[in-house]
>>> print(open('target.txt').read())   # compact mmCIF, N, CA and C atoms
# COMPACT_ATOMS: atom_id res chain seq x y z
N MET A 1132 5.36 12.85 -7.22
CA MET A 1132 4.50 13.11 -6.08
C MET A 1132 5.39 13.44 -4.88
N LEU A 1133 4.89 14.30 -4.01
CA LEU A 1133 5.67 14.75 -2.87
C LEU A 1133 5.20 14.11 -1.57
N VAL A 1134 6.07 14.15 -0.57
CA VAL A 1134 5.76 13.59 0.74
C VAL A 1134 4.47 14.20 1.30
N ARG A 1135 4.29 15.51 1.15
CA ARG A 1135 3.09 16.16 1.70
C ARG A 1135 1.81 15.59 1.09
N ASP A 1136 1.89 15.03 -0.11
CA ASP A 1136 0.72 14.45 -0.77
C ASP A 1136 0.40 13.05 -0.25
N ALA A 1137 1.38 12.39 0.32
CA ALA A 1137 1.21 11.00 0.75
C ALA A 1137 1.11 10.83 2.26
N MET A 1138 1.65 11.78 3.02
CA MET A 1138 1.77 11.61 4.47
C MET A 1138 0.41 11.60 5.16
N SER A 1139 0.40 10.95 6.31
CA SER A 1139 -0.75 11.00 7.18
C SER A 1139 -0.59 12.22 8.08
N THR A 1140 -1.64 12.99 8.20
CA THR A 1140 -1.58 14.17 9.07
C THR A 1140 -2.05 13.85 10.48
N VAL A 1141 -2.40 12.61 10.72
CA VAL A 1141 -2.74 12.18 12.07
C VAL A 1141 -1.42 11.89 12.77
N VAL A 1142 -1.00 12.81 13.63
CA VAL A 1142 0.26 12.66 14.35
C VAL A 1142 -0.06 12.46 15.82
N LEU A 1143 0.23 11.28 16.31
CA LEU A 1143 0.07 10.99 17.73
C LEU A 1143 1.36 11.40 18.43
N THR A 1144 1.25 12.30 19.38
CA THR A 1144 2.40 12.74 20.16
C THR A 1144 2.23 12.26 21.59
N ILE A 1145 3.27 11.60 22.09
CA ILE A 1145 3.26 11.09 23.46
C ILE A 1145 4.52 11.57 24.17
N GLY A 1146 4.54 11.38 25.48
CA GLY A 1146 5.72 11.72 26.26
C GLY A 1146 6.54 10.49 26.57
N PRO A 1147 7.78 10.68 26.98
CA PRO A 1147 8.65 9.54 27.27
C PRO A 1147 8.19 8.73 28.48
N ALA A 1148 7.34 9.28 29.33
CA ALA A 1148 6.89 8.55 30.52
C ALA A 1148 5.67 7.66 30.24
N HIS A 1149 5.08 7.77 29.08
CA HIS A 1149 3.98 6.87 28.74
C HIS A 1149 4.49 5.43 28.79
N THR A 1150 3.69 4.54 29.35
CA THR A 1150 4.08 3.13 29.31
C THR A 1150 3.86 2.59 27.91
N LEU A 1151 4.46 1.45 27.63
CA LEU A 1151 4.25 0.85 26.31
C LEU A 1151 2.79 0.46 26.11
N ARG A 1152 2.13 0.02 27.19
CA ARG A 1152 0.71 -0.32 27.04
C ARG A 1152 -0.11 0.92 26.71
N GLN A 1153 0.14 2.02 27.41
CA GLN A 1153 -0.57 3.27 27.11
C GLN A 1153 -0.31 3.70 25.67
N SER A 1154 0.94 3.60 25.27
CA SER A 1154 1.32 3.98 23.90
C SER A 1154 0.61 3.11 22.88
N ALA A 1155 0.59 1.81 23.12
CA ALA A 1155 -0.07 0.88 22.19
C ALA A 1155 -1.56 1.17 22.11
N ARG A 1156 -2.19 1.47 23.24
CA ARG A 1156 -3.63 1.77 23.22
C ARG A 1156 -3.91 3.03 22.40
N LEU A 1157 -3.09 4.05 22.61
CA LEU A 1157 -3.27 5.29 21.85
C LEU A 1157 -3.03 5.07 20.36
N MET A 1158 -1.99 4.31 20.02
CA MET A 1158 -1.70 4.03 18.62
C MET A 1158 -2.84 3.23 17.99
N SER A 1159 -3.36 2.27 18.71
CA SER A 1159 -4.47 1.46 18.21
C SER A 1159 -5.71 2.31 18.01
N ALA A 1160 -6.02 3.16 18.96
CA ALA A 1160 -7.22 4.01 18.87
C ALA A 1160 -7.14 4.97 17.69
N ARG A 1161 -5.93 5.43 17.37
CA ARG A 1161 -5.75 6.37 16.25
C ARG A 1161 -5.45 5.65 14.93
N HIS A 1162 -5.31 4.33 14.98
CA HIS A 1162 -5.00 3.53 13.78
C HIS A 1162 -3.69 3.98 13.14
N VAL A 1163 -2.66 4.15 13.98
CA VAL A 1163 -1.35 4.54 13.48
C VAL A 1163 -0.31 3.53 13.95
N GLY A 1164 0.78 3.41 13.20
CA GLY A 1164 1.83 2.45 13.53
C GLY A 1164 3.03 3.08 14.22
N ALA A 1165 2.94 4.40 14.49
CA ALA A 1165 4.06 5.08 15.12
C ALA A 1165 3.55 6.30 15.88
N ALA A 1166 4.28 6.64 16.93
CA ALA A 1166 3.97 7.84 17.71
C ALA A 1166 5.22 8.70 17.80
N VAL A 1167 5.04 10.00 17.72
CA VAL A 1167 6.14 10.93 17.92
C VAL A 1167 6.29 11.10 19.43
N VAL A 1168 7.52 10.90 19.91
CA VAL A 1168 7.79 11.05 21.34
C VAL A 1168 8.47 12.40 21.54
N LEU A 1169 7.81 13.25 22.29
CA LEU A 1169 8.32 14.59 22.54
C LEU A 1169 8.90 14.63 23.94
N ASP A 1170 10.22 14.80 24.02
CA ASP A 1170 10.92 14.88 25.30
C ASP A 1170 11.61 16.24 25.36
N GLU A 1171 10.94 17.18 25.98
CA GLU A 1171 11.46 18.55 26.05
C GLU A 1171 12.70 18.66 26.93
N ASP A 1172 12.92 17.68 27.80
CA ASP A 1172 14.07 17.74 28.72
C ASP A 1172 15.36 17.24 28.11
N SER A 1173 15.28 16.52 27.01
CA SER A 1173 16.53 15.98 26.46
C SER A 1173 16.60 16.09 24.95
N SER A 1174 16.31 15.01 24.27
CA SER A 1174 16.62 14.91 22.85
C SER A 1174 15.61 15.54 21.91
N GLY A 1175 14.52 16.06 22.39
CA GLY A 1175 13.53 16.64 21.49
C GLY A 1175 12.59 15.59 20.95
N LEU A 1176 12.58 15.40 19.64
CA LEU A 1176 11.67 14.46 19.00
C LEU A 1176 12.30 13.10 18.77
N GLY A 1177 11.51 12.08 19.04
CA GLY A 1177 11.89 10.72 18.71
C GLY A 1177 10.67 10.00 18.16
N ILE A 1178 10.81 8.72 17.90
CA ILE A 1178 9.68 7.95 17.37
C ILE A 1178 9.62 6.60 18.05
N LEU A 1179 8.41 6.18 18.37
CA LEU A 1179 8.14 4.86 18.92
C LEU A 1179 7.23 4.17 17.91
N THR A 1180 7.64 2.99 17.46
CA THR A 1180 6.85 2.28 16.46
C THR A 1180 6.27 1.00 17.05
N GLU A 1181 5.33 0.45 16.32
CA GLU A 1181 4.74 -0.82 16.73
C GLU A 1181 5.81 -1.91 16.85
N ARG A 1182 6.82 -1.83 16.02
CA ARG A 1182 7.92 -2.81 16.07
C ARG A 1182 8.71 -2.67 17.38
N ASP A 1183 8.89 -1.44 17.87
CA ASP A 1183 9.58 -1.23 19.15
C ASP A 1183 8.81 -1.90 20.28
N ILE A 1184 7.50 -1.76 20.26
CA ILE A 1184 6.66 -2.39 21.28
C ILE A 1184 6.72 -3.91 21.16
N LEU A 1185 6.64 -4.41 19.94
CA LEU A 1185 6.72 -5.85 19.70
C LEU A 1185 8.05 -6.42 20.19
N ASN A 1186 9.15 -5.74 19.91
CA ASN A 1186 10.47 -6.21 20.35
C ASN A 1186 10.56 -6.26 21.86
N SER A 1187 9.99 -5.28 22.54
CA SER A 1187 9.99 -5.28 24.00
C SER A 1187 9.21 -6.47 24.54
N LEU A 1188 8.04 -6.72 23.98
CA LEU A 1188 7.23 -7.86 24.42
C LEU A 1188 7.94 -9.18 24.14
N ALA A 1189 8.60 -9.27 23.01
CA ALA A 1189 9.32 -10.50 22.66
C ALA A 1189 10.45 -10.78 23.63
N CYS A 1190 10.99 -9.73 24.25
CA CYS A 1190 12.06 -9.89 25.24
C CYS A 1190 11.50 -10.19 26.63
N GLY A 1191 10.17 -10.27 26.75
CA GLY A 1191 9.55 -10.57 28.03
C GLY A 1191 9.41 -9.37 28.95
N GLN A 1192 9.56 -8.18 28.41
CA GLN A 1192 9.44 -6.98 29.24
C GLN A 1192 7.96 -6.66 29.51
N ASN A 1193 7.73 -6.00 30.63
CA ASN A 1193 6.38 -5.69 31.07
C ASN A 1193 5.90 -4.39 30.43
N PRO A 1194 4.85 -4.44 29.61
CA PRO A 1194 4.38 -3.22 28.94
C PRO A 1194 3.77 -2.20 29.90
N ASP A 1195 3.50 -2.61 31.13
CA ASP A 1195 2.94 -1.68 32.11
C ASP A 1195 4.03 -0.94 32.89
N SER A 1196 5.27 -1.39 32.78
CA SER A 1196 6.35 -0.68 33.47
C SER A 1196 7.40 -0.12 32.52
N GLU A 1197 7.49 -0.70 31.32
CA GLU A 1197 8.42 -0.17 30.33
C GLU A 1197 7.87 1.13 29.76
N THR A 1198 8.74 2.12 29.60
CA THR A 1198 8.27 3.42 29.12
C THR A 1198 8.65 3.64 27.65
N ALA A 1199 7.90 4.52 27.04
CA ALA A 1199 8.18 4.89 25.65
C ALA A 1199 9.60 5.44 25.54
N GLY A 1200 10.02 6.23 26.51
CA GLY A 1200 11.35 6.82 26.48
C GLY A 1200 12.47 5.80 26.42
N SER A 1201 12.25 4.63 26.99
CA SER A 1201 13.26 3.57 26.99
C SER A 1201 13.36 2.85 25.65
N HIS A 1202 12.36 3.04 24.81
CA HIS A 1202 12.31 2.32 23.54
C HIS A 1202 12.21 3.25 22.33
N THR A 1203 12.38 4.53 22.57
CA THR A 1203 12.28 5.53 21.52
C THR A 1203 13.54 5.59 20.69
N THR A 1204 13.37 5.68 19.39
CA THR A 1204 14.50 5.95 18.50
C THR A 1204 14.69 7.46 18.47
N THR A 1205 15.88 7.91 18.86
CA THR A 1205 16.13 9.35 18.92
C THR A 1205 17.00 9.84 17.78
N ASP A 1206 17.68 8.92 17.09
CA ASP A 1206 18.48 9.35 15.93
C ASP A 1206 17.61 9.25 14.68
N VAL A 1207 16.57 10.06 14.67
CA VAL A 1207 15.53 10.01 13.67
C VAL A 1207 15.95 10.76 12.41
N VAL A 1208 15.58 10.20 11.27
CA VAL A 1208 15.72 10.90 10.00
C VAL A 1208 14.38 11.57 9.74
N PHE A 1209 14.41 12.87 9.53
CA PHE A 1209 13.19 13.62 9.27
C PHE A 1209 13.06 13.90 7.78
N ALA A 1210 11.82 13.98 7.32
CA ALA A 1210 11.54 14.31 5.92
C ALA A 1210 10.95 15.71 5.85
N ALA A 1211 11.23 16.38 4.78
CA ALA A 1211 10.58 17.66 4.48
C ALA A 1211 9.34 17.38 3.65
N PRO A 1212 8.30 18.17 3.80
CA PRO A 1212 7.09 17.93 3.01
C PRO A 1212 7.32 18.06 1.51
N THR A 1213 8.42 18.70 1.13
CA THR A 1213 8.72 18.89 -0.30
C THR A 1213 9.61 17.80 -0.88
N TRP A 1214 9.99 16.82 -0.05
CA TRP A 1214 10.74 15.69 -0.60
C TRP A 1214 9.85 14.94 -1.58
N THR A 1215 10.48 14.32 -2.57
CA THR A 1215 9.73 13.42 -3.44
C THR A 1215 9.54 12.09 -2.70
N LEU A 1216 8.59 11.31 -3.17
CA LEU A 1216 8.41 9.99 -2.56
C LEU A 1216 9.63 9.11 -2.81
N GLU A 1217 10.32 9.34 -3.91
CA GLU A 1217 11.55 8.60 -4.18
C GLU A 1217 12.61 8.91 -3.13
N GLU A 1218 12.73 10.18 -2.74
CA GLU A 1218 13.69 10.56 -1.70
C GLU A 1218 13.32 9.92 -0.36
N ALA A 1219 12.04 9.93 -0.03
CA ALA A 1219 11.59 9.32 1.22
C ALA A 1219 11.84 7.82 1.22
N ALA A 1220 11.52 7.16 0.11
CA ALA A 1220 11.74 5.71 0.01
C ALA A 1220 13.23 5.39 0.11
N ALA A 1221 14.06 6.20 -0.50
CA ALA A 1221 15.51 5.97 -0.43
C ALA A 1221 16.01 6.12 1.00
N ALA A 1222 15.53 7.13 1.71
CA ALA A 1222 15.93 7.33 3.11
C ALA A 1222 15.50 6.14 3.97
N MET A 1223 14.29 5.65 3.75
CA MET A 1223 13.80 4.50 4.51
C MET A 1223 14.61 3.25 4.18
N SER A 1224 14.88 3.03 2.92
CA SER A 1224 15.65 1.87 2.50
C SER A 1224 17.07 1.92 3.08
N HIS A 1225 17.68 3.07 2.99
CA HIS A 1225 19.05 3.24 3.49
C HIS A 1225 19.11 3.06 5.01
N GLY A 1226 18.12 3.58 5.72
CA GLY A 1226 18.12 3.52 7.18
C GLY A 1226 17.50 2.28 7.77
N GLY A 1227 16.77 1.52 6.96
CA GLY A 1227 16.14 0.29 7.44
C GLY A 1227 14.95 0.53 8.35
N PHE A 1228 14.18 1.58 8.08
CA PHE A 1228 12.99 1.85 8.88
C PHE A 1228 11.80 2.10 7.96
N ARG A 1229 10.59 2.17 8.56
CA ARG A 1229 9.36 2.23 7.78
C ARG A 1229 8.57 3.52 7.96
N HIS A 1230 9.03 4.42 8.82
CA HIS A 1230 8.31 5.66 9.08
C HIS A 1230 9.27 6.85 9.08
N LEU A 1231 8.81 7.97 8.55
CA LEU A 1231 9.55 9.22 8.62
C LEU A 1231 8.63 10.29 9.20
N ILE A 1232 9.14 11.02 10.19
CA ILE A 1232 8.41 12.18 10.70
C ILE A 1232 8.63 13.31 9.69
N VAL A 1233 7.54 13.94 9.30
CA VAL A 1233 7.61 15.05 8.35
C VAL A 1233 7.59 16.35 9.15
N LEU A 1234 8.65 17.14 8.96
CA LEU A 1234 8.81 18.38 9.72
C LEU A 1234 8.89 19.59 8.81
N ASP A 1235 8.42 20.70 9.34
CA ASP A 1235 8.75 22.00 8.76
C ASP A 1235 9.18 22.89 9.93
N SER A 1236 9.34 24.15 9.70
CA SER A 1236 9.85 25.03 10.75
C SER A 1236 8.93 25.14 11.95
N SER A 1237 7.66 24.80 11.80
CA SER A 1237 6.72 24.89 12.92
C SER A 1237 6.64 23.60 13.73
N GLY A 1238 7.26 22.52 13.26
CA GLY A 1238 7.23 21.25 13.99
C GLY A 1238 6.71 20.12 13.12
N PRO A 1239 6.28 19.02 13.77
CA PRO A 1239 5.81 17.86 13.01
C PRO A 1239 4.50 18.16 12.27
N LEU A 1240 4.49 17.82 10.99
CA LEU A 1240 3.30 18.00 10.15
C LEU A 1240 2.56 16.70 9.93
N GLY A 1241 3.31 15.60 9.97
CA GLY A 1241 2.72 14.31 9.68
C GLY A 1241 3.77 13.23 9.74
N ILE A 1242 3.35 12.05 9.34
CA ILE A 1242 4.24 10.89 9.25
C ILE A 1242 3.98 10.24 7.91
N VAL A 1243 5.05 9.89 7.23
CA VAL A 1243 4.90 9.14 5.99
C VAL A 1243 5.48 7.75 6.23
N SER A 1244 4.75 6.74 5.79
CA SER A 1244 5.17 5.36 6.00
C SER A 1244 5.37 4.67 4.65
N VAL A 1245 5.98 3.53 4.71
CA VAL A 1245 6.13 2.71 3.51
C VAL A 1245 4.76 2.44 2.90
N ARG A 1246 3.79 2.16 3.75
CA ARG A 1246 2.43 1.89 3.27
C ARG A 1246 1.87 3.09 2.50
N ASP A 1247 2.12 4.30 3.00
CA ASP A 1247 1.65 5.51 2.30
C ASP A 1247 2.26 5.60 0.91
N ILE A 1248 3.55 5.31 0.83
CA ILE A 1248 4.24 5.40 -0.46
C ILE A 1248 3.72 4.34 -1.42
N ILE A 1249 3.56 3.13 -0.95
CA ILE A 1249 3.04 2.05 -1.80
C ILE A 1249 1.65 2.41 -2.29
N ARG A 1250 0.82 2.96 -1.41
CA ARG A 1250 -0.54 3.34 -1.79
C ARG A 1250 -0.52 4.34 -2.95
N CYS A 1251 0.43 5.26 -2.91
CA CYS A 1251 0.54 6.26 -3.99
C CYS A 1251 1.11 5.67 -5.27
N TRP A 1252 2.03 4.74 -5.14
CA TRP A 1252 2.69 4.18 -6.31
C TRP A 1252 1.90 3.06 -6.98
N ALA A 1253 1.11 2.34 -6.21
CA ALA A 1253 0.39 1.18 -6.77
C ALA A 1253 -0.74 1.67 -7.66
N PRO A 1254 -0.89 1.04 -8.80
CA PRO A 1254 -2.01 1.45 -9.68
C PRO A 1254 -3.33 1.10 -9.00
N VAL A 1255 -4.31 1.90 -9.28
CA VAL A 1255 -5.64 1.64 -8.74
C VAL A 1255 -6.18 0.36 -9.36
N ARG A 1256 -6.65 -0.53 -8.51
CA ARG A 1256 -7.20 -1.80 -9.02
C ARG A 1256 -8.55 -1.53 -9.65
N GLN A 1257 -8.71 -2.01 -10.84
CA GLN A 1257 -9.98 -1.85 -11.53
C GLN A 1257 -10.78 -3.13 -11.41
N GLN A 1258 -12.08 -2.95 -11.24
CA GLN A 1258 -12.97 -4.09 -11.15
C GLN A 1258 -13.14 -4.70 -12.54
N VAL A 1259 -12.94 -5.98 -12.63
CA VAL A 1259 -13.13 -6.69 -13.90
C VAL A 1259 -14.57 -7.21 -13.89
N PRO A 1260 -15.34 -6.89 -14.95
CA PRO A 1260 -16.72 -7.37 -14.98
C PRO A 1260 -16.76 -8.90 -15.00
N ALA A 1261 -17.69 -9.44 -14.27
CA ALA A 1261 -17.81 -10.90 -14.17
C ALA A 1261 -18.56 -11.46 -15.35
>>> encode(input="target.txt", output="structure tokens")
Amino acid sequence: MLVRDAMSTVVLTIGPAHTLRQSARLMSARHVGAAVVLDEDSSGLGILTERDILNSLACGQNPDSETAGSHTTTDVVFAAPTWTLEEAAAAMSHGGFRHLIVLDSSGPLGIVSVRDIIRCWAPVRQQVPA
């Protein structure tokens, strides 16, 4: 199975000036665990995850003044839609992260997460008659 078959095509894109609270609200409303951070002035694409927000809160930082840009991972590993799920899982395992932005020549196509991969790999649970 390929990344394009497992990825979520719901891609939340935010700017680096979004506060962490704004980012969390948008992520919650879209039911996603990560947002693509587009910073046209510097590094291009980055990713902000729910874990980044959690770590900031755990440090006592204010989610209304902390910005996505301050907590964005910019050394992102990108996946191609034609990668196998094994390749994506290996990249995640090697890098110690749970989300990959899926890119093609036109830009971000989606995000694949560990949860997406597990959903594809786990056998469908069958109902046992009572």
>>> residues_around(input="target.txt", residues="stretch 1149-1160 of chain A", least_positions_apart="4", cutoff="5 Å", atoms="all atoms listed in the file", output="list in words")
Pro1194, Asp1195, Glu1197, Thr1198 and Ala1199 of chain A
>>> closest_residue(input="target.txt", among="A:Gly1191, A:Gly1241, A:Gly1227, A:Gly1177", to="A:Thr1203", atoms="all atoms listed in the file")
A:Gly1177
>>> closest_residue(input="target.txt", among="A:Val1233, A:Gly1238, A:Thr1140, A:Ser1196", to="A:Trp1214", atoms="only C-alpha atoms")
A:Val1233
>>> closest_residue(input="target.txt", among="A:Glu1181, A:Val1245, A:Cys1190, A:Pro1239", to="A:Met1223", atoms="all atoms listed in the file")
A:Val1245
>>> residues_around(input="target.txt", residues="A:Val1142", least_positions_apart="2", cutoff="8 Å", atoms="all atoms listed in the file", output="JSON, numbers by chain")
{"A": [1139, 1140, 1144, 1145, 1165, 1166, 1167, 1239, 1240, 1241, 1242]}
>>> atom_distance(input="target.txt", atom1="atom N of A:Pro1147", atom2="atom CA of A:Ala1211")
23.7 Å
>>> closest_residue(input="target.txt", among="A:Val1168, A:Leu1231, A:Ile1249, A:Leu1188", to="A:Ala1148", atoms="only C-alpha atoms")
A:Val1168
>>> closest_residue(input="target.txt", among="A:Asn1193, A:Ser1201, A:Asp1136, A:Phe1228", to="A:Cys1251", atoms="only N, CA and C atoms")
A:Asp1136
>>> select_by_dssp(input="target.txt", residues="chain A", states="helix (DSSP H, G or I)", output="PyMOL selection string")
chain A and resi 1134-1137+1151-1161+1181-1189+1199-1202+1216-1226+1245-1252
>>> atom_distance(input="target.txt", atom1="atom C of A:Trp1252", atom2="atom N of A:Met1132")
10.4 Å
>>> atom_distance(input="target.txt", atom1="atom CA of A:Ile1184", atom2="atom CA of A:Pro1212")
27.3 Å
>>> closest_residue(input="target.txt", among="A:Pro1254, A:Thr1215, A:His1202, A:Gly1164", to="A:Val1134", atoms="all atoms listed in the file")
A:Thr1215
>>> select_by_dssp(input="target.txt", residues="chain A", states="strand (DSSP E or B)", output="PyMOL selection string")
chain A and resi 1133+1139+1144-1145+1150+1165-1170+1175-1180+1198+1204+1209-1210+1215+1230-1235+1238-1244
>>> decode(input="target.txt", residues="stretch 1224-1252 of chain A", atoms="N, CA and C atoms", output="compact mmCIF listing (two decimals), in the first residue's frame")
# COMPACT_ATOMS: atom_id res chain seq x y z
N SER A 1224 10.06 6.22 12.26
CA SER A 1224 10.79 5.54 13.31
C SER A 1224 12.21 6.09 13.44
N HIS A 1225 12.86 6.28 12.33
CA HIS A 1225 14.23 6.80 12.33
C HIS A 1225 14.29 8.23 12.87
N GLY A 1226 13.31 9.06 12.51
CA GLY A 1226 13.31 10.46 12.92
C GLY A 1226 12.65 10.73 14.25
N GLY A 1227 11.90 9.77 14.77
CA GLY A 1227 11.23 9.93 16.06
C GLY A 1227 10.04 10.88 16.01
N PHE A 1228 9.31 10.88 14.90
CA PHE A 1228 8.13 11.73 14.79
C PHE A 1228 6.94 10.91 14.29
N ARG A 1229 5.74 11.52 14.34
CA ARG A 1229 4.51 10.78 14.05
C ARG A 1229 3.76 11.28 12.83
N HIS A 1230 4.25 12.32 12.17
CA HIS A 1230 3.56 12.88 11.01
C HIS A 1230 4.56 13.16 9.89
N LEU A 1231 4.14 12.92 8.66
CA LEU A 1231 4.92 13.29 7.48
C LEU A 1231 4.03 14.12 6.56
N ILE A 1232 4.56 15.25 6.11
CA ILE A 1232 3.86 16.03 5.09
C ILE A 1232 4.12 15.33 3.75
N VAL A 1233 3.05 15.10 3.01
CA VAL A 1233 3.15 14.45 1.71
C VAL A 1233 3.17 15.54 0.64
N LEU A 1234 4.26 15.54 -0.14
CA LEU A 1234 4.46 16.58 -1.16
C LEU A 1234 4.58 15.99 -2.54
N ASP A 1235 4.14 16.77 -3.51
CA ASP A 1235 4.51 16.52 -4.90
C ASP A 1235 4.96 17.87 -5.46
N SER A 1236 5.16 17.95 -6.74
CA SER A 1236 5.70 19.18 -7.32
C SER A 1236 4.78 20.39 -7.17
N SER A 1237 3.50 20.16 -6.91
CA SER A 1237 2.56 21.27 -6.75
C SER A 1237 2.44 21.75 -5.31
N GLY A 1238 3.03 21.03 -4.36
CA GLY A 1238 2.96 21.42 -2.95
C GLY A 1238 2.41 20.32 -2.08
N PRO A 1239 1.95 20.68 -0.87
CA PRO A 1239 1.44 19.66 0.06
C PRO A 1239 0.14 19.02 -0.45
N LEU A 1240 0.12 17.70 -0.44
CA LEU A 1240 -1.07 16.94 -0.85
C LEU A 1240 -1.85 16.41 0.34
N GLY A 1241 -1.13 16.19 1.44
CA GLY A 1241 -1.76 15.60 2.60
C GLY A 1241 -0.74 15.38 3.70
N ILE A 1242 -1.20 14.72 4.73
CA ILE A 1242 -0.34 14.34 5.86
C ILE A 1242 -0.62 12.88 6.16
N VAL A 1243 0.43 12.13 6.36
CA VAL A 1243 0.27 10.74 6.78
C VAL A 1243 0.80 10.64 8.21
N SER A 1244 0.04 9.98 9.06
CA SER A 1244 0.42 9.84 10.46
C SER A 1244 0.60 8.36 10.81
N VAL A 1245 1.17 8.14 11.95
CA VAL A 1245 1.30 6.78 12.46
C VAL A 1245 -0.08 6.13 12.53
N ARG A 1246 -1.05 6.89 12.97
CA ARG A 1246 -2.42 6.36 13.08
C ARG A 1246 -2.94 5.92 11.72
N ASP A 1247 -2.66 6.69 10.67
CA ASP A 1247 -3.09 6.31 9.32
C ASP A 1247 -2.47 4.98 8.90
N ILE A 1248 -1.19 4.82 9.20
CA ILE A 1248 -0.50 3.59 8.83
C ILE A 1248 -1.05 2.40 9.61
N ILE A 1249 -1.24 2.57 10.89
CA ILE A 1249 -1.80 1.48 11.71
C ILE A 1249 -3.18 1.10 11.21
N ARG A 1250 -3.99 2.10 10.87
CA ARG A 1250 -5.34 1.83 10.36
C ARG A 1250 -5.29 0.95 9.11
N CYS A 1251 -4.31 1.20 8.26
CA CYS A 1251 -4.17 0.39 7.03
C CYS A 1251 -3.61 -1.00 7.30
N TRP A 1252 -2.73 -1.10 8.27
CA TRP A 1252 -2.09 -2.37 8.55
C TRP A 1252 -2.90 -3.29 9.45
